[in-house]
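Okay, target08.cif now, which holds mmCIF, C-alpha atoms:
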```
data_structure
loop_
_atom_site.group_PDB
_atom_site.id
_atom_site.type_symbol
_atom_site.label_atom_id
_atom_site.label_comp_id
_atom_site.auth_asym_id
_atom_site.auth_seq_id
_atom_site.Cartn_x
_atom_site.Cartn_y
_atom_site.Cartn_z
ATOM 1 C CA MET X 323 0.000 0.000 0.000
ATOM 2 C CA SER X 324 2.771 2.348 0.679
ATOM 3 C CA ASP X 325 4.091 1.731 -2.829
ATOM 4 C CA SER X 326 0.771 2.576 -4.435
ATOM 5 C CA VAL X 327 0.478 6.081 -2.959
ATOM 6 C CA PRO X 328 3.673 7.544 -4.368
ATOM 7 C CA ILE X 329 3.000 6.254 -7.894
ATOM 8 C CA PRO X 330 -0.309 8.107 -8.403
ATOM 9 C CA LEU X 331 1.113 11.150 -6.637
ATOM 10 C CA ILE X 332 3.999 11.609 -9.075
ATOM 11 C CA PRO X 333 1.785 12.042 -12.131
ATOM 12 C CA VAL X 334 -0.409 14.463 -10.188
ATOM 13 C CA LEU X 335 2.644 16.441 -9.141
ATOM 14 C CA LEU X 336 4.021 16.341 -12.667
ATOM 15 C CA GLY X 337 0.659 17.391 -14.021
ATOM 16 C CA THR X 338 0.381 20.217 -11.531
ATOM 17 C CA LEU X 339 3.925 21.323 -12.252
ATOM 18 C CA GLY X 340 3.230 21.195 -15.941
ATOM 19 C CA GLY X 341 0.029 23.195 -15.403
ATOM 20 C CA VAL X 342 1.919 25.826 -13.437
ATOM 21 C CA VAL X 343 4.615 26.069 -16.102
ATOM 22 C CA ALA X 344 2.011 26.159 -18.854
ATOM 23 C CA GLY X 345 -0.003 28.781 -16.901
ATOM 24 C CA ALA X 346 3.109 30.868 -16.365
ATOM 25 C CA LEU X 347 3.989 30.653 -20.039
ATOM 26 C CA LEU X 348 0.446 31.582 -21.001
ATOM 27 C CA ARG X 349 0.486 34.566 -18.587
ATOM 28 C CA GLN X 350 3.942 35.765 -19.668
ATOM 29 C CA PRO X 351 2.550 38.291 -22.197
ATOM 30 C CA GLU X 352 0.350 39.812 -19.472
ATOM 31 C CA ILE X 353 3.303 39.896 -17.060
ATOM 32 C CA ASN X 354 5.407 41.611 -19.739
ATOM 33 C CA ARG X 355 2.594 44.117 -20.368
ATOM 34 C CA LEU X 356 2.300 44.859 -16.650
ATOM 35 C CA ARG X 357 6.095 45.322 -16.356
ATOM 36 C CA LYS X 358 6.021 47.838 -19.224
ATOM 37 C CA GLN X 359 3.106 49.596 -17.572
ATOM 38 C CA VAL X 360 5.064 49.778 -14.283
ATOM 39 C CA GLN X 361 8.064 51.230 -16.168
ATOM 40 C CA ILE X 362 5.814 53.799 -17.842
ATOM 41 C CA LEU X 363 4.256 54.734 -14.503
ATOM 42 C CA GLN X 364 7.694 55.016 -12.863
ATOM 43 C CA ALA X 365 8.860 57.286 -15.682
ATOM 44 C CA GLU X 366 5.677 59.369 -15.274
ATOM 45 C CA ILE X 367 6.314 59.630 -11.524
ATOM 46 C CA GLN X 368 9.852 60.874 -12.190
ATOM 47 C CA ARG X 369 8.565 63.378 -14.728
ATOM 48 C CA LEU X 370 5.922 64.642 -12.302
ATOM 49 C CA GLN X 371 8.449 64.869 -9.454
ATOM 50 C CA ALA X 372 10.750 66.932 -11.673
ATOM 51 C CA LEU X 373 7.770 69.138 -12.585
ATOM 52 C CA VAL X 374 6.870 69.606 -8.897
ATOM 53 C CA GLU X 375 10.499 70.474 -8.056
ATOM 54 C CA GLU X 376 10.574 73.071 -10.852
ATOM 55 C CA GLN X 377 7.281 74.562 -9.680
ATOM 56 C CA ASN X 378 8.584 74.701 -6.090
ATOM 57 C CA ARG X 379 11.698 76.500 -7.346
ATOM 58 C CA GLN X 380 9.552 78.982 -9.250
ATOM 59 C CA ILE X 381 7.321 79.513 -6.221
ATOM 60 C CA GLN X 382 10.365 80.195 -4.046
ATOM 61 C CA GLU X 383 11.716 82.624 -6.622
ATOM 62 C CA LEU X 384 8.360 84.411 -6.849
ATOM 63 C CA THR X 385 8.121 84.525 -3.056
ATOM 64 C CA VAL X 386 11.535 86.168 -2.857
ATOM 65 C CA ARG X 387 10.521 88.686 -5.522
ATOM 66 C CA TYR X 388 7.204 89.402 -3.771
ATOM 67 C CA LYS X 389 8.878 89.947 -0.409
ATOM 68 C CA THR X 390 11.528 92.141 -2.015
ATOM 69 C CA LEU X 391 8.874 94.269 -3.710
ATOM 70 C CA LYS X 392 6.907 94.463 -0.474
ATOM 71 C CA ALA X 393 9.990 95.693 1.409
ATOM 72 C CA TRP X 394 10.831 98.149 -1.375
ATOM 73 C CA SER X 395 7.247 99.439 -1.305
ATOM 74 C CA PHE X 396 7.521 99.934 2.455
ATOM 75 C CA VAL X 397 10.723 101.946 2.017
ATOM 76 C CA GLU X 398 9.203 104.027 -0.778
ATOM 77 C CA LYS X 399 6.098 104.745 1.324
ATOM 78 C CA ALA X 400 8.335 105.848 4.181
ATOM 79 C CA LYS X 401 10.279 108.134 1.826
ATOM 80 C CA GLN X 402 7.064 109.547 0.401
ATOM 81 C CA ARG X 403 5.661 110.124 3.879
ATOM 82 C CA ALA X 404 8.883 111.882 4.909
ATOM 83 C CA ARG X 405 8.653 114.115 1.816
ATOM 84 C CA LEU X 406 5.009 114.865 2.569
ATOM 85 C CA GLU X 407 5.801 115.629 6.211
ATOM 86 C CA GLY X 408 8.572 117.941 5.024
ATOM 87 C CA ALA X 409 6.217 119.723 2.633
ATOM 88 C CA VAL X 410 3.530 120.043 5.300
ATOM 89 C CA MET X 411 6.101 121.317 7.793
ATOM 90 C CA HIS X 412 7.177 123.976 5.264
ATOM 91 C CA GLN X 413 3.541 125.026 4.875
ATOM 92 C CA TRP X 414 3.204 125.453 8.628
ATOM 93 C CA ALA X 415 6.519 127.329 8.720
ATOM 94 C CA PHE X 416 5.240 129.625 5.975
ATOM 95 C CA LYS X 417 2.012 130.177 7.935
ATOM 96 C CA GLU X 418 3.945 130.987 11.095
ATOM 97 C CA TYR X 419 6.223 133.361 9.176
ATOM 98 C CA VAL X 420 3.247 135.233 7.665
ATOM 99 C CA GLU X 421 1.589 135.485 11.081
ATOM 100 C CA LEU X 422 4.789 136.852 12.589
ATOM 101 C CA LEU X 423 5.077 139.357 9.716
ATOM 102 C CA CYS X 424 1.540 140.485 10.471
ATOM 103 C CA ALA X 425 2.366 140.687 14.181
ATOM 104 C CA GLN X 426 5.373 142.886 13.453
ATOM 105 C CA ALA X 427 3.273 145.089 11.195
ATOM 106 C CA SER X 428 0.868 145.486 14.117
ATOM 107 C CA GLU X 429 3.892 146.327 16.261
ATOM 108 C CA ARG X 430 3.386 143.324 18.508
ATOM 109 C CA PRO X 431 6.711 142.377 20.047
ATOM 110 C CA LEU X 432 8.042 138.897 19.241
ATOM 111 C CA SER X 433 9.296 136.463 21.863
ATOM 112 C CA GLU X 434 12.880 135.211 21.685
ATOM 113 C CA GLU X 435 11.744 131.935 20.112
ATOM 114 C CA GLU X 436 9.587 133.740 17.577
ATOM 115 C CA ARG X 437 12.424 136.139 16.728
ATOM 116 C CA ALA X 438 14.921 133.263 16.303
ATOM 117 C CA PHE X 439 12.476 131.409 14.030
ATOM 118 C CA PHE X 440 11.645 134.562 12.074
ATOM 119 C CA ASN X 441 15.293 135.430 11.429
ATOM 120 C CA ALA X 442 16.208 131.845 10.475
ATOM 121 C CA TYR X 443 13.216 131.616 8.105
ATOM 122 C CA GLU X 444 14.048 134.969 6.504
ATOM 123 C CA ASN X 445 17.590 133.712 5.869
ATOM 124 C CA LEU X 446 16.114 130.601 4.266
ATOM 125 C CA LEU X 447 13.843 132.710 2.050
ATOM 126 C CA ALA X 448 16.724 134.994 1.123
ATOM 127 C CA GLY X 449 18.570 132.031 -0.293
ATOM 128 C CA LEU X 450 20.986 131.872 2.598
ATOM 129 C CA HIS X 451 20.158 128.248 3.321
ATOM 130 C CA GLY X 452 21.717 128.838 6.667
ATOM 131 C CA ASP X 453 23.662 126.485 8.726
ATOM 132 C CA LYS X 454 22.357 123.433 10.476
ATOM 133 C CA ASP X 455 21.584 125.448 13.576
ATOM 134 C CA GLU X 456 19.170 127.725 11.703
ATOM 135 C CA ARG X 457 17.449 124.803 10.006
ATOM 136 C CA LEU X 458 17.207 123.143 13.407
ATOM 137 C CA ILE X 459 15.684 126.312 14.890
ATOM 138 C CA ILE X 460 13.025 126.326 12.170
ATOM 139 C CA ARG X 461 12.323 122.618 12.519
ATOM 140 C CA ASN X 462 12.145 122.618 16.320
ATOM 141 C CA TYR X 463 9.993 125.742 16.475
ATOM 142 C CA ILE X 464 7.480 124.474 13.928
ATOM 143 C CA ARG X 465 7.405 120.952 15.384
ATOM 144 C CA SER X 466 6.813 122.316 18.875
ATOM 145 C CA LYS X 467 3.791 124.292 17.663
ATOM 146 C CA TYR X 468 2.353 122.050 14.938
ATOM 147 C CA ARG X 469 3.578 118.516 15.671
ATOM 148 C CA HIS X 470 0.091 116.962 15.572
ATOM 149 C CA GLU X 471 -0.861 118.666 12.317
ATOM 150 C CA ILE X 472 2.409 117.610 10.672
ATOM 151 C CA GLU X 473 2.095 114.005 11.830
ATOM 152 C CA ARG X 474 -1.475 113.872 10.504
ATOM 153 C CA LEU X 475 -0.351 115.597 7.278
ATOM 154 C CA VAL X 476 -2.887 118.400 7.773
ATOM 155 C CA THR X 477 -2.178 121.194 5.323
ATOM 156 C CA VAL X 478 -2.470 124.919 5.973
ATOM 157 C CA ASP X 479 -5.665 126.711 4.988
ATOM 158 C CA ALA X 480 -4.289 129.379 2.646
ATOM 159 C CA SER X 481 -7.532 131.376 2.613
ATOM 160 C CA ARG X 482 -7.075 132.219 6.303
ATOM 161 C CA LEU X 483 -3.526 133.399 5.612
ATOM 162 C CA VAL X 484 -4.707 135.642 2.805
ATOM 163 C CA ALA X 485 -7.416 137.059 5.042
ATOM 164 C CA SER X 486 -4.935 137.772 7.837
ATOM 165 C CA VAL X 487 -2.561 139.546 5.402
ATOM 166 C CA GLU X 488 -5.415 141.625 3.969
ATOM 167 C CA ALA X 489 -6.465 142.595 7.485
ATOM 168 C CA VAL X 490 -3.070 144.114 8.282
ATOM 169 C CA ASN X 491 -3.189 147.914 8.548
ATOM 170 C CA VAL X 492 0.166 149.364 7.833
ATOM 171 C CA ALA X 493 0.184 153.093 8.413
#
```

Represent the supplied structure as structure tokens.
Amino acid sequence: MSDSVPIPLIPVLLGTLGGVVAGALLRQPEINRLRKQVQILQAEIQRLQALVEEQNRQIQELTVRYKTLKAWSFVEKAKQRARLEGAVMHQWAFKEYVELLCAQASERPLSEEERAFFNAYENLLAGLHGDKDERLIIRNYIRSKYRHEIERLVTVDASRLVASVEAVNVA
């Protein structure tokens, strides 16, 4: 009995082995097709990864440009604001000068600060741009009187100045 079991088992094993080999040979074209498809997909993955890396590089470059432009814009706004503050300060200095002219025409005595400002501003108007001390006198005097207006960029109402000049009676 022990001899009878191995004999029928060998043909079954050979048949199974033959079926596996035959099945593998029959499936070989599909395996080859799937391998090519895997290669194509791997190549597509590499292409897409390269594309993503390039887009990331471009995004970084654009981010640097954006931040640079933003910083430059900030600097330019600060410069523009400083120019505007300077222009507004000159308007207030002009106003103060005209008021002091009117006060002198009315024979009102000027304080020491007013006199120092008036003389420094007259030198500026005469083309004697003065030294730093005179410019500092003008700046400090006007800032002490009109700091809030200058910071808020409030301009001088010229119609009031004209009215005050017209009201001056010089005998």

Assuming the chain letters and numbering stay as they are in my file, what does the PyMOL selection byres ((chain X and resi 407) around 10) actually select? List them as a compact mmCIF listing (two decimals) with C-alpha atoms, in the coordinates of the input.
```
# COMPACT_ATOMS: atom_id res chain seq x y z
CA LYS X 401 10.28 108.13 1.83
CA GLN X 402 7.06 109.55 0.40
CA ARG X 403 5.66 110.12 3.88
CA ALA X 404 8.88 111.88 4.91
CA ARG X 405 8.65 114.12 1.82
CA LEU X 406 5.01 114.86 2.57
CA GLY X 408 8.57 117.94 5.02
CA ALA X 409 6.22 119.72 2.63
CA VAL X 410 3.53 120.04 5.30
CA MET X 411 6.10 121.32 7.79
CA HIS X 412 7.18 123.98 5.26
CA GLN X 413 3.54 125.03 4.88
CA GLU X 471 -0.86 118.67 12.32
CA ILE X 472 2.41 117.61 10.67
CA GLU X 473 2.10 114.00 11.83
CA ARG X 474 -1.48 113.87 10.50
CA LEU X 475 -0.35 115.60 7.28
CA VAL X 476 -2.89 118.40 7.77
CA THR X 477 -2.18 121.19 5.32
```

Counting only C-alpha atoms, figure out which residue out of X:Ile332, X:Leu363, X:Ala372, X:Leu483 gets nearest to Phe416 (chain X).
X:Leu483

Distance of CA of Val487 (chain X) from CA of Ala427 (chain X), expressed in Å to one decimal place
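According to the coordinates, CA of Ala427 (chain X) and CA of Val487 (chain X) are separated by 9.9 Å.
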
To one decimal place, how far is CA of Ala485 (chain X) from CA of Glu456 (chain X) in Å?
29.0 Å

Figure out the distance between CA of Lys392 (chain X) and CA of Arg379 (chain X), please, to one decimal in Å.
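Computing the Euclidean distance for CA of Arg379 (chain X) and CA of Lys392 (chain X) yields 19.8 Å.
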
As AutoDock Vina command-line options, please: the centre and edge lengths in Å, to one decimal, of an axis-aligned box enclosing every listed atom of region 345-355 of chain X with 3 Å added on each side.
```
--center_x 2.7 --center_y 36.4 --center_z -19.3 --size_x 11.4 --size_y 21.3 --size_z 11.8
```

What residues come out when you apply the PyMOL selection byres ((chain X and resi 434-451) around 10) to this file, written as JSON, numbers by chain?
{"X": [415, 416, 418, 419, 420, 422, 423, 431, 432, 433, 452, 453, 454, 455, 456, 457, 458, 459, 460, 461, 462, 463, 464]}

Missing atoms of region 386-413 of chain X rebuilt to N, CA and C atoms, written as a tab-separated table (two decimals), keeping the file's coordinate frame:
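Output (result.tsv):
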```
chain	number	residue	atom	x	y	z
X	386	VAL	N	10.43	85.24	-3.12
X	386	VAL	CA	11.54	86.17	-2.86
X	386	VAL	C	11.27	87.50	-3.55
X	387	ARG	N	10.82	87.45	-4.79
X	387	ARG	CA	10.52	88.69	-5.52
X	387	ARG	C	9.39	89.46	-4.84
X	388	TYR	N	8.34	88.75	-4.43
X	388	TYR	CA	7.20	89.40	-3.77
X	388	TYR	C	7.65	90.09	-2.48
X	389	LYS	N	8.43	89.37	-1.67
X	389	LYS	CA	8.88	89.95	-0.41
X	389	LYS	C	9.82	91.12	-0.64
X	390	THR	N	10.64	91.03	-1.67
X	390	THR	CA	11.53	92.14	-2.02
X	390	THR	C	10.71	93.37	-2.43
X	391	LEU	N	9.72	93.15	-3.28
X	391	LEU	CA	8.87	94.27	-3.71
X	391	LEU	C	8.09	94.85	-2.54
X	392	LYS	N	7.65	94.00	-1.65
X	392	LYS	CA	6.91	94.46	-0.47
X	392	LYS	C	7.80	95.34	0.39
X	393	ALA	N	9.04	94.90	0.61
X	393	ALA	CA	9.99	95.69	1.41
X	393	ALA	C	10.32	97.01	0.70
X	394	TRP	N	10.53	96.94	-0.61
X	394	TRP	CA	10.83	98.15	-1.38
X	394	TRP	C	9.65	99.12	-1.30
X	395	SER	N	8.44	98.60	-1.41
X	395	SER	CA	7.25	99.44	-1.30
X	395	SER	C	7.18	100.12	0.06
X	396	PHE	N	7.51	99.37	1.11
X	396	PHE	CA	7.52	99.93	2.46
X	396	PHE	C	8.51	101.09	2.54
X	397	VAL	N	9.70	100.90	2.00
X	397	VAL	CA	10.72	101.95	2.02
X	397	VAL	C	10.25	103.17	1.23
X	398	GLU	N	9.68	102.91	0.06
X	398	GLU	CA	9.20	104.03	-0.78
X	398	GLU	C	8.07	104.79	-0.09
X	399	LYS	N	7.18	104.07	0.58
X	399	LYS	CA	6.10	104.74	1.32
X	399	LYS	C	6.68	105.61	2.43
X	400	ALA	N	7.70	105.08	3.11
X	400	ALA	CA	8.34	105.85	4.18
X	400	ALA	C	8.99	107.11	3.62
X	401	LYS	N	9.66	106.96	2.46
X	401	LYS	CA	10.28	108.13	1.83
X	401	LYS	C	9.22	109.16	1.44
X	402	GLN	N	8.14	108.66	0.84
X	402	GLN	CA	7.06	109.55	0.40
X	402	GLN	C	6.45	110.26	1.59
X	403	ARG	N	6.23	109.52	2.67
X	403	ARG	CA	5.66	110.12	3.88
X	403	ARG	C	6.61	111.19	4.42
X	404	ALA	N	7.90	110.90	4.42
X	404	ALA	CA	8.88	111.88	4.91
X	404	ALA	C	8.85	113.14	4.04
X	405	ARG	N	8.73	112.96	2.72
X	405	ARG	CA	8.65	114.12	1.82
X	405	ARG	C	7.38	114.91	2.09
X	406	LEU	N	6.27	114.18	2.29
X	406	LEU	CA	5.01	114.86	2.57
X	406	LEU	C	5.09	115.61	3.90
X	407	GLU	N	5.65	114.96	4.91
X	407	GLU	CA	5.80	115.63	6.21
X	407	GLU	C	6.66	116.88	6.06
X	408	GLY	N	7.72	116.77	5.26
X	408	GLY	CA	8.57	117.94	5.02
X	408	GLY	C	7.81	119.06	4.34
X	409	ALA	N	7.01	118.71	3.35
X	409	ALA	CA	6.22	119.72	2.63
X	409	ALA	C	5.18	120.35	3.56
X	410	VAL	N	4.53	119.52	4.36
X	410	VAL	CA	3.53	120.04	5.30
X	410	VAL	C	4.21	120.92	6.34
X	411	MET	N	5.38	120.51	6.81
X	411	MET	CA	6.10	121.32	7.79
X	411	MET	C	6.47	122.68	7.19
X	412	HIS	N	6.86	122.69	5.92
X	412	HIS	CA	7.18	123.98	5.26
X	412	HIS	C	5.93	124.85	5.15
X	413	GLN	N	4.78	124.24	4.92
X	413	GLN	CA	3.54	125.03	4.88
X	413	GLN	C	3.27	125.68	6.23
```
